[in-house]
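For reference, the structure discussed in these notes is given below.
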Amino acid sequence: MPSQILQISQLPPKSSSSSTQMMFKSLIYDDPSTTLLSSSSSSSSSRFDDNHNSVKPLLSRASSFNGAVTATNGGGLTGWFQNRRRRSNSDNCLSAFQDHTNGSDGGNNGGDRQTISQEVGHAAAETFLLTRLCLKLLSYLGVGYRWITRFMALGCYAFLLMPGFIQVGYYYFFSPYVRRSIVYGDQPRNRLDLYLPRNSNGPKPVVAFVTGGAWIIGYKAWGSLLGQQLSERDIIVACIDYRNFPQGSISDMVKDASSGISFVCNHIAEYGGDPNRIYLMGQSAGAHIAACTLVEQVIKESGEGDSVSWSSGQINGYFGLSGGYNLLSLVDHFHSRGLYRSIFLSIMEGEESLRQYSPELVVQNPDLKHIIARLPPIILFHGTADYSIPSDASKSFAETLQRLGAKAEVILYEGKTHTDLFLQDPMRGGKDEMFEDIVSVVLGEDQEATGKSVDRRRLVPEFMLKLAHWVSPF
């Protein structure tokens, strides 16, 4: 189905001379078991000037609430979607990275045997972690009738998509172009995975991705399908892991995401990435965490004497996939879906913190109106059949940002659920509309890369994908 783009009117932002108030707090858990890799501070000036208030659509397509779509042959916001969506073909060898990939020592037999042993051990550790996360989720949600039926549906859903999971899992564990568990901080689970293109010619654009998981079962490997497919289009993907509840609360998650982004901004050049072409992306709970992190960062940069290790000016754009940005309007919905109010408030550090960790509400603070100019362009993606987080969440956030003068757009995909956009559609192979929308933005100025194409193969038979869509508990 064609996507819908919500056009939203804007009003010019109001100026304010009030002092900046910090809207986020952080909790620090000391863990001597991990070590911090070196990172350097960097700063960058804001990409917007005082004249950025004139907002144009971010995409070269337009539609309204009634579903009418108007196609254009080109154009769009300057610096965005300058070319029609095409595919990229990456067929060269990544010789620059092979000596460092997955701990390989260069290819001798002893090293190969050691690498295989390490892979098996790592796979066992990952399986144990996933099992523990599932048991943890069960312990918090209880075993009532609602969750018994929901977990039965989840089991059927996972079984139907298993052919795709197996193929993606094999790529994740054994591909020489995946760098797993790179340490980016000194807290538990401060790790990230890097998905590197085969083509090593020149610095590559980067997407820093924060995975979802209801703030309870988020894990960096959830982004392996996205990482695999974007890397095939010459884009480096960094999937950032972070502490989940109850190991940490929302302030810890934001802190971890910020540390991961800082590592990407300051060290991605060492892995062939272009530090001047970094994009931030999050899915579901990860979209909320990434948005909180971005807003917190621009608040820090607006204050006096705040020490920052990365700059919002280094982020070329933010992609929010199926996220929620106003927790006050979602807490009751989550409760009705099984993420009970008491658990959710524990994750968010109490009811009094819901406003503090709602990016849509934070940006409306009269004392913080001046931070809008520091925000990068924002594109929100959402399926209209999403019952986990209604698409109205993205609509409302985009409307608020537009009204305040920010560059923001929401793209709606008719009939798509919470997992269709992120799992079923990519496993279907062929052309994936949301995937192409992202690639068009990231590679929009690279006409040669945008003009190439790659044959994305099917991972799961169509009838199984349709059944998975029907039984999905999300």
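Lettering and numbering for the structure tokens are positional, with chains as A, B, ... in the shown order, residues counted from 1 in each chain, and ligands counted from 1 in the shown order.
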
Output as number ranges by chain all residues of stretch 333-422 of chain A that backbone DSSP marks as strand (DSSP E).
A: 378-383, 408-413

Store the residues picked out above, limited to all heavy atoms, as a tab-separated table (two decimals), in the first residue's frame.
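And here is the file that came out, selection02.tsv:
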chain	number	residue	atom	x	y	z
A	378	ILE	N	13.43	15.76	11.61
A	378	ILE	CA	12.82	14.57	12.24
A	378	ILE	C	11.78	13.98	11.32
A	378	ILE	O	10.90	14.69	10.82
A	378	ILE	CB	12.20	14.95	13.60
A	378	ILE	CG1	13.30	15.34	14.60
A	378	ILE	CG2	11.34	13.82	14.16
A	378	ILE	CD1	12.78	15.90	15.91
A	379	ILE	N	11.89	12.66	11.08
A	379	ILE	CA	10.88	11.93	10.32
A	379	ILE	C	10.37	10.78	11.18
A	379	ILE	O	11.17	9.99	11.70
A	379	ILE	CB	11.44	11.38	8.99
A	379	ILE	CG1	11.97	12.50	8.12
A	379	ILE	CG2	10.37	10.60	8.24
A	379	ILE	CD1	12.49	12.04	6.77
A	380	LEU	N	9.06	10.71	11.34
A	380	LEU	CA	8.43	9.67	12.15
A	380	LEU	C	7.67	8.72	11.23
A	380	LEU	O	6.88	9.15	10.40
A	380	LEU	CB	7.49	10.31	13.17
A	380	LEU	CG	8.10	11.40	14.05
A	380	LEU	CD1	7.04	11.98	14.98
A	380	LEU	CD2	9.28	10.87	14.85
A	381	PHE	N	7.91	7.42	11.40
A	381	PHE	CA	7.25	6.39	10.61
A	381	PHE	C	6.28	5.62	11.51
A	381	PHE	O	6.62	5.26	12.64
A	381	PHE	CB	8.27	5.40	10.03
A	381	PHE	CG	9.37	6.05	9.23
A	381	PHE	CD1	10.58	6.38	9.83
A	381	PHE	CD2	9.22	6.32	7.88
A	381	PHE	CE1	11.61	6.97	9.11
A	381	PHE	CE2	10.23	6.91	7.15
A	381	PHE	CZ	11.42	7.23	7.76
A	382	HIS	N	5.09	5.32	10.99
A	382	HIS	CA	4.12	4.60	11.82
A	382	HIS	C	3.10	3.88	10.93
A	382	HIS	O	2.70	4.41	9.88
A	382	HIS	CB	3.38	5.56	12.75
A	382	HIS	CG	3.24	5.05	14.15
A	382	HIS	ND1	3.80	5.67	15.25
A	382	HIS	CD2	2.61	3.95	14.63
A	382	HIS	CE1	3.50	5.00	16.34
A	382	HIS	NE2	2.77	3.94	15.99
A	383	GLY	N	2.69	2.70	11.36
A	383	GLY	CA	1.64	1.97	10.69
A	383	GLY	C	0.28	2.33	11.27
A	383	GLY	O	0.14	2.50	12.48
A	408	ALA	N	9.87	18.67	10.77
A	408	ALA	CA	9.33	17.37	11.19
A	408	ALA	C	8.29	16.90	10.19
A	408	ALA	O	7.60	17.70	9.57
A	408	ALA	CB	8.73	17.47	12.59
A	409	GLU	N	8.19	15.59	10.07
A	409	GLU	CA	7.23	14.98	9.15
A	409	GLU	C	6.86	13.61	9.69
A	409	GLU	O	7.67	12.94	10.33
A	409	GLU	CB	7.86	14.82	7.77
A	409	GLU	CG	6.88	14.36	6.72
A	409	GLU	CD	6.69	15.38	5.63
A	409	GLU	OE1	7.44	16.38	5.61
A	409	GLU	OE2	5.77	15.19	4.83
A	410	VAL	N	5.63	13.19	9.45
A	410	VAL	CA	5.20	11.85	9.82
A	410	VAL	C	4.73	11.14	8.56
A	410	VAL	O	4.02	11.71	7.74
A	410	VAL	CB	4.09	11.86	10.90
A	410	VAL	CG1	2.85	12.59	10.42
A	410	VAL	CG2	3.74	10.44	11.32
A	411	ILE	N	5.18	9.89	8.40
A	411	ILE	CA	4.80	9.07	7.25
A	411	ILE	C	3.98	7.89	7.78
A	411	ILE	O	4.45	7.14	8.63
A	411	ILE	CB	6.02	8.55	6.49
A	411	ILE	CG1	6.96	9.70	6.14
A	411	ILE	CG2	5.60	7.81	5.24
A	411	ILE	CD1	8.24	9.26	5.47
A	412	LEU	N	2.77	7.76	7.27
A	412	LEU	CA	1.87	6.70	7.71
A	412	LEU	C	1.82	5.60	6.64
A	412	LEU	O	1.76	5.90	5.45
A	412	LEU	CB	0.48	7.26	7.95
A	412	LEU	CG	0.37	8.39	8.97
A	412	LEU	CD1	-1.07	8.86	9.09
A	412	LEU	CD2	0.92	7.96	10.33
A	413	TYR	N	1.81	4.35	7.10
A	413	TYR	CA	1.72	3.20	6.22
A	413	TYR	C	0.41	2.48	6.50
A	413	TYR	O	0.22	1.89	7.57
A	413	TYR	CB	2.93	2.27	6.42
A	413	TYR	CG	4.24	2.97	6.13
A	413	TYR	CD1	4.92	3.66	7.14
A	413	TYR	CD2	4.78	2.96	4.85
A	413	TYR	CE1	6.12	4.31	6.87
A	413	TYR	CE2	5.98	3.61	4.57
A	413	TYR	CZ	6.64	4.28	5.59
A	413	TYR	OH	7.82	4.94	5.32

Check stretch 144-304 of chain A with DSSP on the backbone and list each residue it calls alpha helix (DSSP H), as JSON, numbers by chain.
{"A": [145, 146, 147, 148, 149, 150, 151, 152, 153, 154, 155, 156, 157, 158, 159, 160, 162, 163, 164, 165, 166, 167, 168, 169, 170, 171, 172, 173, 174, 224, 225, 226, 227, 228, 229, 230, 231, 250, 251, 252, 253, 254, 255, 256, 257, 258, 259, 260, 261, 262, 263, 264, 265, 266, 267, 285, 286, 287, 288, 289, 290, 291, 292, 293, 294, 295, 296, 297, 298, 299, 300, 301, 302]}

Would you pick out the contacts of A:Ser181 at 10 Å or less, using only C-alpha atoms, so that residues sharing its chain but fewer than 4 positions from it are not included, and give the list as a list in words?
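Skipping anything fewer than 4 positions along the chain leaves Asn102, Arg189, Asn190, Arg191, Leu192, Asp193, Leu194, Lys220, Ala221, Cys239, Ile240 and Asp241 of chain A.
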
Output the selection as a tab-separated table (two decimals), in the first residue's frame - N, CA and C atoms for each residue.
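File written: selection.tsv
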chain	number	residue	atom	x	y	z
A	102	ASN	N	35.40	-9.61	14.23
A	102	ASN	CA	35.06	-10.72	15.10
A	102	ASN	C	36.27	-11.37	15.73
A	189	ARG	N	26.03	-3.86	29.98
A	189	ARG	CA	25.40	-3.88	28.66
A	189	ARG	C	25.76	-2.66	27.82
A	190	ASN	N	26.82	-1.98	28.16
A	190	ASN	CA	27.28	-0.88	27.31
A	190	ASN	C	28.08	-1.46	26.15
A	191	ARG	N	27.35	-2.05	25.21
A	191	ARG	CA	27.94	-2.68	24.03
A	191	ARG	C	27.17	-2.23	22.79
A	192	LEU	N	27.79	-2.31	21.66
A	192	LEU	CA	27.08	-2.05	20.40
A	192	LEU	C	27.61	-2.98	19.31
A	193	ASP	N	26.76	-3.25	18.33
A	193	ASP	CA	27.14	-4.04	17.16
A	193	ASP	C	27.28	-3.12	15.95
A	194	LEU	N	28.28	-3.38	15.14
A	194	LEU	CA	28.48	-2.62	13.91
A	194	LEU	C	28.26	-3.53	12.71
A	220	LYS	N	20.43	-5.41	21.47
A	220	LYS	CA	21.06	-4.90	20.25
A	220	LYS	C	20.86	-5.82	19.05
A	221	ALA	N	20.77	-7.13	19.28
A	221	ALA	CA	20.62	-8.07	18.16
A	221	ALA	C	19.27	-7.92	17.47
A	239	CYS	N	24.09	-0.72	16.20
A	239	CYS	CA	22.96	-1.08	17.06
A	239	CYS	C	23.41	-0.98	18.52
A	240	ILE	N	22.82	-0.06	19.25
A	240	ILE	CA	23.26	0.28	20.60
A	240	ILE	C	22.46	-0.51	21.63
A	241	ASP	N	23.13	-1.25	22.47
A	241	ASP	CA	22.48	-1.94	23.58
A	241	ASP	C	22.42	-1.01	24.79

Just the residues within 12 Å of A:Tyr170, please, counting only C-alpha atoms, with nothing from its chain fewer than 2 positions along; format it as an NGL selection string.
:A and (119-120 or 123 or 163-168 or 172-176 or 178 or 221 or 224-225 or 228)

Can I get the selection written as a short mmCIF file (atom, residue, chain, number, x, y, z; two decimals), in the first residue's frame, with C-alpha atoms?
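Output (part35.cif):
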data_model
loop_
_atom_site.label_atom_id
_atom_site.label_comp_id
_atom_site.auth_asym_id
_atom_site.auth_seq_id
_atom_site.Cartn_x
_atom_site.Cartn_y
_atom_site.Cartn_z
CA GLU A 119 31.55 -17.99 17.94
CA VAL A 120 29.98 -21.05 19.59
CA ALA A 123 26.10 -17.94 20.55
CA PRO A 163 12.93 -19.35 8.58
CA GLY A 164 13.82 -15.66 8.52
CA PHE A 165 15.15 -15.62 12.08
CA ILE A 166 17.50 -18.52 11.31
CA GLN A 167 18.96 -16.80 8.25
CA VAL A 168 19.37 -13.47 10.01
CA TYR A 172 24.65 -12.07 12.76
CA PHE A 173 26.94 -14.71 14.28
CA PHE A 174 29.09 -15.68 11.31
CA SER A 175 29.30 -12.76 8.89
CA PRO A 176 32.79 -11.22 8.70
CA VAL A 178 29.47 -7.76 11.70
CA ALA A 221 20.62 -8.07 18.16
CA SER A 224 20.33 -7.33 12.92
CA LEU A 225 17.83 -7.46 10.04
CA GLN A 228 22.12 -6.38 7.32
#

Closest atom pairs, stretch 261-335 of chain A residues within 9 Å of stretch 391-401 of chain A, only C-alpha atoms, as a Markdown table:
| residue | atom | partner | partner_atom | distance |
| --- | --- | --- | --- | --- |
| A:Gly320 | CA | A:Ser394 | CA | 8.3 |
| A:Leu321 | CA | A:Ser394 | CA | 8.8 |
| A:Ser322 | CA | A:Ser391 | CA | 7.2 |
| A:Gly323 | CA | A:Ser394 | CA | 6.7 |
| A:Gly324 | CA | A:Ala393 | CA | 5.4 |
| A:Tyr325 | CA | A:Ala393 | CA | 6.4 |
| A:Asn326 | CA | A:Ala393 | CA | 7.1 |
| A:Ser329 | CA | A:Ala393 | CA | 8.5 |
| A:Leu330 | CA | A:Ala393 | CA | 8.3 |

Applying 12 Å and only C-alpha atoms, which residues near A:Ile250 remain after dropping the ones on its own chain fewer than 4 positions away? List them as a count of residues only.
36
